[in-house]
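For reference, coords17.txt is printed below; it contains compact mmCIF, C-alpha atoms.
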```txt
# COMPACT_ATOMS: atom_id res chain seq x y z
CA MET A 21 3.75 -38.24 76.14
CA GLY A 22 1.99 -41.40 74.89
CA GLU A 23 -0.97 -40.81 72.55
CA VAL A 24 -1.03 -37.52 70.66
CA ASP A 25 -3.71 -35.21 71.99
CA PRO A 26 -5.12 -32.43 69.78
CA ALA A 27 -2.91 -29.80 71.46
CA PHE A 28 0.11 -31.24 69.58
CA VAL A 29 -1.47 -31.51 66.14
CA GLN A 30 -0.25 -29.02 63.57
CA GLU A 31 -2.61 -27.47 61.05
CA GLN A 32 -2.53 -29.32 57.73
CA GLU A 33 -0.37 -26.72 55.94
CA HIS A 34 2.30 -26.80 58.66
CA ARG A 35 2.64 -30.56 59.14
CA PRO A 36 5.97 -32.22 58.33
CA LYS A 37 6.34 -33.57 54.82
CA LEU A 38 6.83 -37.32 54.47
CA SER A 39 9.44 -36.79 51.74
CA ILE A 40 12.45 -35.10 53.34
CA ILE A 41 14.74 -32.81 51.36
CA GLU A 42 18.29 -32.76 52.67
CA ALA A 43 19.85 -29.31 52.49
CA LYS A 44 22.74 -29.00 50.07
CA GLY A 45 25.32 -26.25 50.11
CA ILE A 46 24.78 -25.10 53.70
CA PRO A 47 27.80 -22.90 54.49
CA GLU A 48 30.30 -24.72 56.70
CA ILE A 49 32.78 -22.15 57.98
CA ASP A 50 36.17 -23.00 59.45
CA LEU A 51 36.97 -20.59 62.29
CA SER A 52 40.57 -21.74 62.74
CA PRO A 53 41.99 -18.43 61.37
CA ILE A 54 40.76 -16.67 64.54
CA PHE A 55 41.10 -19.50 67.07
CA ASN A 56 44.21 -21.47 66.12
CA HIS A 57 46.69 -18.65 65.64
CA GLU A 58 48.26 -16.31 68.20
CA VAL A 59 48.57 -13.67 65.49
CA PRO A 60 45.73 -14.19 62.98
CA ASP A 61 46.62 -14.06 59.29
CA GLN A 62 44.90 -10.90 58.05
CA SER A 63 44.07 -12.21 54.59
CA ALA A 64 42.56 -15.40 56.10
CA VAL A 65 40.44 -13.28 58.49
CA GLU A 66 39.23 -11.10 55.59
CA ALA A 67 38.23 -14.22 53.66
CA LEU A 68 36.41 -15.47 56.77
CA VAL A 69 34.52 -12.18 57.10
CA LYS A 70 33.38 -12.50 53.47
CA GLU A 71 32.22 -16.08 54.07
CA ILE A 72 30.24 -15.04 57.14
CA GLY A 73 28.62 -12.12 55.31
CA SER A 74 27.64 -14.30 52.37
CA ALA A 75 26.15 -16.98 54.67
CA CYS A 76 24.15 -14.38 56.63
CA LYS A 77 22.82 -12.82 53.44
CA GLU A 78 22.03 -15.95 51.44
CA TRP A 79 21.03 -18.46 54.12
CA GLY A 80 20.51 -16.72 57.48
CA PHE A 81 22.38 -19.55 59.15
CA PHE A 82 25.59 -21.56 58.83
CA GLN A 83 27.69 -24.22 60.56
CA VAL A 84 31.06 -23.53 62.20
CA THR A 85 33.97 -25.89 62.80
CA ASN A 86 37.29 -25.35 64.65
CA HIS A 87 35.32 -23.04 66.94
CA GLY A 88 37.51 -23.32 70.04
CA VAL A 89 34.95 -25.11 72.25
CA PRO A 90 36.53 -28.29 73.71
CA LEU A 91 34.73 -31.42 72.48
CA SER A 92 35.10 -33.07 75.90
CA LEU A 93 33.19 -30.17 77.51
CA ARG A 94 30.33 -30.46 75.03
CA GLN A 95 30.18 -34.22 75.51
CA GLY A 96 30.12 -33.80 79.29
CA LEU A 97 27.25 -31.33 79.01
CA GLU A 98 25.29 -33.60 76.66
CA GLU A 99 25.68 -36.52 79.08
CA ALA A 100 24.56 -34.38 82.03
CA SER A 101 21.52 -33.30 80.00
CA ARG A 102 20.59 -36.92 79.30
CA LEU A 103 20.88 -37.80 82.99
CA PHE A 104 18.70 -34.85 83.97
CA PHE A 105 15.88 -35.77 81.55
CA ALA A 106 16.11 -39.47 82.53
CA GLN A 107 14.80 -38.56 86.00
CA SER A 108 11.18 -39.10 86.98
CA LEU A 109 8.71 -36.35 86.08
CA GLU A 110 8.23 -35.75 89.81
CA ASP A 111 11.95 -35.05 90.27
CA LYS A 112 12.17 -32.82 87.20
CA LYS A 113 9.19 -30.79 88.39
CA LYS A 114 11.08 -29.96 91.59
CA VAL A 115 12.92 -27.40 89.43
CA ALA A 116 9.91 -26.40 87.30
CA ARG A 117 9.57 -22.89 85.92
CA ASP A 118 6.53 -20.69 86.36
CA GLU A 119 5.10 -17.45 85.01
CA ILE A 120 7.06 -15.37 87.53
CA ASN A 121 10.46 -16.94 86.91
CA PRO A 122 10.64 -18.70 83.52
CA THR A 123 13.80 -20.72 84.13
CA GLY A 124 14.04 -24.41 84.94
CA TYR A 125 12.03 -27.39 83.71
CA TYR A 126 8.97 -27.22 81.49
CA ASP A 127 7.06 -29.66 79.26
CA THR A 128 4.08 -27.73 77.87
CA GLU A 129 5.64 -25.00 75.73
CA HIS A 130 3.68 -23.65 72.76
CA THR A 131 5.01 -22.31 69.45
CA LYS A 132 2.53 -20.48 67.21
CA ASN A 133 -0.20 -21.61 69.63
CA VAL A 134 0.48 -25.34 69.10
CA ARG A 135 2.09 -27.44 71.85
CA ASP A 136 5.65 -28.63 71.13
CA TRP A 137 6.55 -32.34 71.44
CA LYS A 138 9.44 -31.78 73.85
CA GLU A 139 10.54 -31.04 77.38
CA VAL A 140 13.08 -28.33 78.22
CA PHE A 141 15.30 -26.96 80.95
CA ASP A 142 16.30 -23.26 80.75
CA PHE A 143 19.25 -21.67 82.54
CA LEU A 144 20.29 -17.98 82.52
CA VAL A 145 23.78 -16.76 81.67
CA LYS A 146 23.57 -13.91 84.21
CA ASP A 147 22.09 -14.66 87.64
CA PRO A 148 20.18 -12.53 88.36
CA THR A 149 18.96 -11.33 84.97
CA PHE A 150 17.05 -8.03 84.93
CA VAL A 151 13.88 -7.73 82.82
CA PRO A 152 10.80 -5.47 82.73
CA LEU A 153 7.93 -6.35 85.05
CA ASN A 154 5.54 -6.43 82.10
CA SER A 155 5.21 -5.47 78.43
CA ASP A 156 3.45 -2.15 79.14
CA GLU A 157 5.50 0.53 77.36
CA ASP A 158 4.70 3.10 80.09
CA ASP A 159 5.74 0.94 83.03
CA ASP A 160 9.44 1.25 83.96
CA GLN A 161 9.43 -1.34 86.77
CA VAL A 162 12.14 -4.01 86.56
CA ILE A 163 12.23 -7.44 88.18
CA GLN A 164 14.91 -10.10 88.30
CA TRP A 165 14.89 -13.67 87.09
CA SER A 166 17.17 -16.18 88.78
CA ASN A 167 18.30 -19.74 88.13
CA PRO A 168 16.91 -22.78 89.92
CA SER A 169 19.22 -25.09 91.80
CA LEU A 170 20.71 -27.98 89.82
CA PRO A 171 20.78 -30.88 92.28
CA TYR A 172 21.09 -33.64 89.66
CA PRO A 173 23.35 -34.75 88.17
CA PRO A 174 25.84 -33.51 90.79
CA GLN A 175 28.33 -32.01 88.29
CA PHE A 176 25.67 -30.31 86.13
CA ARG A 177 26.11 -26.75 87.46
CA ALA A 178 29.90 -26.71 87.13
CA ILE A 179 29.76 -28.03 83.56
CA VAL A 180 27.04 -25.51 82.59
CA ASP A 181 29.06 -22.59 83.99
CA GLU A 182 32.18 -23.64 82.09
CA TYR A 183 30.22 -24.21 78.88
CA LEU A 184 28.52 -20.80 79.12
CA GLU A 185 31.95 -19.12 79.27
CA GLU A 186 32.85 -20.83 76.00
CA MET A 187 29.50 -19.90 74.41
CA GLU A 188 29.94 -16.22 75.30
CA LYS A 189 33.46 -16.24 73.90
CA LEU A 190 32.28 -17.81 70.62
CA ALA A 191 29.22 -15.54 70.38
CA PHE A 192 31.31 -12.37 70.73
CA LYS A 193 33.81 -13.63 68.12
CA LEU A 194 30.96 -14.34 65.69
CA LEU A 195 29.48 -10.89 66.33
CA GLU A 196 32.84 -9.30 65.55
CA LEU A 197 32.94 -11.12 62.21
CA ILE A 198 29.33 -10.15 61.44
CA ALA A 199 30.06 -6.52 62.33
CA LEU A 200 33.10 -6.47 60.02
CA SER A 201 31.05 -8.09 57.23
CA LEU A 202 28.60 -5.16 57.49
CA GLY A 203 31.45 -2.63 57.27
CA LEU A 204 31.24 -1.78 60.99
CA GLU A 205 33.88 -1.65 63.72
CA ALA A 206 34.56 -5.14 65.11
CA ASN A 207 33.35 -4.21 68.61
CA ARG A 208 30.23 -2.33 67.42
CA PHE A 209 27.77 -4.69 69.16
CA GLU A 210 29.57 -5.07 72.51
CA GLU A 211 27.76 -2.18 74.21
CA PHE A 212 24.41 -3.98 74.02
CA PHE A 213 25.48 -6.95 76.18
CA LYS A 214 26.66 -5.42 79.48
CA LEU A 215 23.54 -6.76 81.24
CA GLN A 216 22.63 -9.44 78.74
CA THR A 217 19.45 -11.52 78.99
CA SER A 218 20.97 -14.61 77.29
CA PHE A 219 20.13 -18.16 78.30
CA ILE A 220 20.91 -21.77 77.47
CA ARG A 221 18.22 -24.37 76.84
CA PHE A 222 18.38 -28.14 77.12
CA ASN A 223 15.86 -29.82 74.78
CA HIS A 224 14.66 -33.42 74.94
CA TYR A 225 12.39 -34.69 72.17
CA PRO A 226 10.95 -38.12 73.12
CA PRO A 227 10.00 -40.58 70.35
CA CYS A 228 6.65 -39.55 68.86
CA PRO A 229 4.17 -42.12 67.54
CA TYR A 230 2.72 -39.54 65.14
CA PRO A 231 5.69 -37.71 63.56
CA HIS A 232 3.51 -36.73 60.57
CA LEU A 233 1.18 -34.70 62.81
CA ALA A 234 3.34 -33.09 65.50
CA LEU A 235 6.55 -31.06 65.63
CA GLY A 236 9.25 -30.89 68.29
CA VAL A 237 9.18 -27.12 67.79
CA GLY A 238 6.80 -25.42 65.39
CA ARG A 239 7.94 -22.99 62.69
CA HIS A 240 9.46 -19.81 64.12
CA LYS A 241 12.28 -17.30 63.88
CA ASP A 242 14.60 -16.63 66.81
CA PRO A 243 13.92 -13.19 68.31
CA GLY A 244 17.40 -12.50 69.68
CA VAL A 245 20.81 -11.74 68.18
CA LEU A 246 22.38 -15.16 67.57
CA THR A 247 21.58 -18.79 68.39
CA ILE A 248 24.43 -21.30 68.75
CA LEU A 249 23.04 -24.82 68.49
CA ALA A 250 24.61 -28.12 69.51
CA GLN A 251 22.55 -31.05 68.21
CA ASP A 252 23.08 -34.80 68.53
CA ASP A 253 23.38 -37.28 65.65
CA VAL A 254 19.63 -37.96 65.37
CA GLY A 255 18.88 -34.75 63.50
CA GLY A 256 15.51 -33.12 62.94
CA LEU A 257 16.24 -29.43 62.43
CA GLU A 258 14.64 -28.08 59.26
CA VAL A 259 15.09 -24.59 57.83
CA LYS A 260 13.08 -22.80 55.19
CA ARG A 261 15.47 -22.31 52.31
CA LYS A 262 15.35 -18.73 51.04
CA SER A 263 15.85 -19.60 47.38
CA ASP A 264 12.64 -21.65 47.01
CA GLN A 265 10.87 -21.54 50.43
CA GLU A 266 11.21 -25.33 50.79
CA TRP A 267 11.73 -26.95 54.19
CA VAL A 268 15.14 -28.66 54.12
CA LEU A 269 16.76 -30.92 56.72
CA VAL A 270 20.06 -29.84 58.28
CA LYS A 271 22.14 -32.99 58.61
CA PRO A 272 24.16 -33.07 61.86
CA THR A 273 27.91 -32.54 61.46
CA SER A 274 30.09 -33.98 64.21
CA ASP A 275 31.51 -31.31 66.57
CA ALA A 276 30.07 -28.44 64.52
CA TYR A 277 27.73 -25.73 65.79
CA ILE A 278 24.77 -24.39 63.83
CA ILE A 279 24.53 -20.59 63.98
CA ASN A 280 21.20 -18.83 63.41
CA VAL A 281 21.01 -15.13 62.65
CA GLY A 282 18.26 -13.74 64.90
CA ASP A 283 15.64 -11.04 64.36
CA ILE A 284 17.75 -8.38 66.09
CA ILE A 285 20.56 -8.80 63.54
CA GLN A 286 17.93 -8.41 60.82
CA VAL A 287 16.79 -5.09 62.33
CA TRP A 288 20.31 -3.83 63.17
CA SER A 289 21.38 -4.56 59.58
CA ASN A 290 18.20 -2.92 58.18
CA ASP A 291 17.32 -6.16 56.34
CA ALA A 292 20.78 -6.68 54.82
CA TYR A 293 20.72 -9.97 56.75
CA GLU A 294 17.54 -11.89 57.47
CA SER A 295 16.71 -14.32 60.27
CA VAL A 296 15.67 -17.74 59.01
CA GLU A 297 12.45 -19.61 59.77
CA HIS A 298 13.06 -23.08 61.19
CA ARG A 299 11.33 -25.94 62.97
CA VAL A 300 12.14 -29.34 64.51
CA MET A 301 10.86 -32.67 63.25
CA VAL A 302 10.22 -35.54 65.67
CA ASN A 303 11.28 -39.16 65.30
CA SER A 304 9.08 -42.21 65.88
CA GLN A 305 12.00 -44.44 66.89
CA ARG A 306 14.67 -42.36 68.59
CA GLU A 307 14.75 -39.62 71.20
CA ARG A 308 16.69 -36.48 70.30
CA PHE A 309 18.65 -33.98 72.38
CA SER A 310 19.85 -30.49 71.50
CA ILE A 311 21.37 -27.55 73.37
CA PRO A 312 20.79 -24.05 71.94
CA PHE A 313 22.48 -20.97 73.42
CA PHE A 314 20.37 -17.84 72.86
CA PHE A 315 22.47 -14.66 72.78
CA PHE A 316 20.23 -11.78 73.90
CA PRO A 317 21.13 -8.14 74.69
CA ALA A 318 20.36 -6.13 77.85
CA HIS A 319 16.66 -5.56 78.59
CA ASP A 320 16.94 -1.76 78.09
CA THR A 321 18.37 -2.10 74.57
CA GLU A 322 16.51 -0.01 72.00
CA VAL A 323 16.52 -2.17 68.89
CA LYS A 324 16.62 -0.23 65.63
CA PRO A 325 18.66 -0.13 62.40
CA LEU A 326 22.20 1.08 63.07
CA GLU A 327 22.90 4.66 62.03
CA GLU A 328 25.94 3.62 59.99
CA LEU A 329 23.74 1.39 57.80
CA ILE A 330 20.97 3.85 56.91
CA ASN A 331 20.97 6.88 54.60
CA ASP A 332 18.68 8.70 52.16
CA GLU A 333 18.95 5.87 49.63
CA ASN A 334 18.51 3.19 52.30
CA PRO A 335 16.22 4.66 54.98
CA SER A 336 15.37 2.90 58.23
CA LYS A 337 12.91 0.05 57.68
CA TYR A 338 11.92 -0.40 61.34
CA ARG A 339 10.56 1.69 64.19
CA PRO A 340 12.62 1.30 67.39
CA TYR A 341 11.41 -1.18 70.01
CA ASN A 342 12.50 -2.04 73.55
CA TRP A 343 14.06 -5.51 73.72
CA GLY A 344 12.95 -6.25 77.29
CA LYS A 345 9.31 -5.43 76.56
CA PHE A 346 9.48 -7.52 73.37
CA LEU A 347 10.98 -10.45 75.31
CA ILE A 348 8.33 -10.34 78.05
CA ASN A 349 5.57 -10.24 75.45
CA ARG A 350 7.04 -13.27 73.67
CA LYS A 351 7.61 -15.24 76.89
CA SER A 352 3.97 -14.86 77.92
CA SER A 353 2.81 -16.84 74.87
CA ASN A 354 4.97 -19.84 75.82
CA PHE A 355 2.73 -20.73 78.73
CA GLN A 356 -0.71 -20.67 77.18
CA LYS A 357 -2.56 -20.40 73.92
CA LYS A 358 -3.25 -16.88 72.76
CA LYS A 359 -5.98 -15.73 70.43
CA ALA A 360 -3.51 -13.87 68.24
CA GLU A 361 0.09 -14.55 67.16
CA ASN A 362 2.71 -13.12 69.51
CA VAL A 363 4.68 -9.97 68.69
CA GLN A 364 7.08 -10.12 65.71
CA ILE A 365 9.62 -7.68 64.26
CA TYR A 366 7.38 -7.06 61.27
CA ASP A 367 4.98 -5.35 63.70
CA TYR A 368 7.62 -2.58 63.80
CA LYS A 369 8.20 -2.45 60.04
CA ILE A 370 7.80 0.98 58.46
CA ALA A 371 5.36 0.81 55.57
```

Encoded form (structure tokens):
Amino acid sequence: MGEVDPAFVQEQEHRPKLSIIEAKGIPEIDLSPIFNHEVPDQSAVEALVKEIGSACKEWGFFQVTNHGVPLSLRQGLEEASRLFFAQSLEDKKKVARDEINPTGYYDTEHTKNVRDWKEVFDFLVKDPTFVPLNSDEDDDQVIQWSNPSLPYPPQFRAIVDEYLEEMEKLAFKLLELIALSLGLEANRFEEFFKLQTSFIRFNHYPPCPYPHLALGVGRHKDPGVLTILAQDDVGGLEVKRKSDQEWVLVKPTSDAYIINVGDIIQVWSNDAYESVEHRVMVNSQRERFSIPFFFFPAHDTEVKPLEELINDENPSKYRPYNWGKFLINRKSSNFQKKKAENVQIYDYKIA
């Protein structure tokens, strides 16, 4: 990734600003009331639910500490990720993804039709994962995606499997808190994840000689339910602050996870909570690594505002859509430039 070719160059209005604003007041939520007690203190849990609800409403994302994920496991995974990306391009391409099975290694992903300055490795939570054959609404055919082998480093697969167990556990706990904050039953969202389409991604952002022109990941919102992000100490994640629409830098916090509310939560909540637009800056001096876990429901999930949250005064703001079809449509734009922007939830908004 030496000289920047035009494929990486952002349009003028979307290029990173040279003056960086560091985000102040980002909610940092201590999850110890639900993880560090055999019998949780009810008043502490209620306070936690309020904190989560406020963060989802006002920011669309937050950081969590005392989350129950062992630090040694995260460190082991980060080291394995570094070893994987340190291999030759030839070796990494032995586990390359393709348009049939989009798991494995890839270095030419596009966001909003501009190439990202990064290389990635994707790995499914469920192997196999069932998805629609295509995005045609009238075609019911289903195919399966599967994971590539993980030959290097030798312990990579075992660490990934253990880490994914912890991610699922944390994701379900967070969903319970979000459900309670919306006045729903704690287990309201569980039914959508029996055949989940979730995956974990390993990102490597090499140093970029033109950080004022390119982005590690262009501006976007996450299409799923939740994203749980582990980032290293280099930093680079920026979010668009709701209060003034400014891009602000999220400073890394040691052993914390950054939680993004995804588009599906926005639809389920009928816009009570909103997914946040974010992007990734690149660094001219240092490489950066991050590991997001994308929590996605089963492919046959019909995404629509929940019945409990709509009424005559607050009618449904979205038409239902099939998650699997939506996912396939979005995935197709990762591999090549499209003439139009890929599908978004606002395409289903009721006027």

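Residue nearest Asp136 (chain A), chosen from A:Gly344, A:Pro312, A:Gly236, A:Gly256 and counting all atoms listed in the file: A:Gly236.
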
Near-region 313-321 of chain A list (8 Å; only C-alpha atoms; drop same-chain fewer than 6 positions) as a PyMOL selection string:
chain A and resi 150-152+187+191+212-221+244-249+342-345

Env of Tyr172 (chain A): 10 Å cut, atoms = only C-alpha atoms, seq-sep filter 3 positions within chain, self excluded. Answer as a PyMOL selection string.
chain A and resi 100-101+103-105+107+111-112+169+175-177

Quick one: 6 Å padding each side, axis-aligned, all listed atoms of region 316-333 of chain A - centre and edge lengths in Å to one decimal, as JSON?
```
{"center_x": 21.2, "center_y": -1.5, "center_z": 64.1, "size_x": 21.4, "size_y": 32.5, "size_z": 41.0}
```

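Counting from CA of Val140 (chain A), the distance to CA of Asn121 (chain A) is 14.6 Å.
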
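The nearest approach to Phe28 (chain A) among the residues A:Thr128, A:Ser108, A:Ser310, A:Gln286, with only C-alpha atoms taken into account, belongs to A:Thr128.
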
Would you pick out the contacts of Lys324 (chain A) at 9 Å or less, using only C-alpha atoms, so that residues sharing its chain but fewer than 6 positions from it are not included, and give the list as a PyMOL selection string?
chain A and resi 284+287-290+336-341

Would you save the residues from that selection as a PDB file, in the frame of the given file, using C-alpha atoms?
```
ATOM      1  CA  ILE A 284      17.750  -8.380  66.090  1.00  0.00           C
ATOM      2  CA  VAL A 287      16.790  -5.090  62.330  1.00  0.00           C
ATOM      3  CA  TRP A 288      20.310  -3.830  63.170  1.00  0.00           C
ATOM      4  CA  SER A 289      21.380  -4.560  59.580  1.00  0.00           C
ATOM      5  CA  ASN A 290      18.200  -2.920  58.180  1.00  0.00           C
ATOM      6  CA  SER A 336      15.370   2.900  58.230  1.00  0.00           C
ATOM      7  CA  LYS A 337      12.910   0.050  57.680  1.00  0.00           C
ATOM      8  CA  TYR A 338      11.920  -0.400  61.340  1.00  0.00           C
ATOM      9  CA  ARG A 339      10.560   1.690  64.190  1.00  0.00           C
ATOM     10  CA  PRO A 340      12.620   1.300  67.390  1.00  0.00           C
ATOM     11  CA  TYR A 341      11.410  -1.180  70.010  1.00  0.00           C
TER      12      TYR A 341
END
```
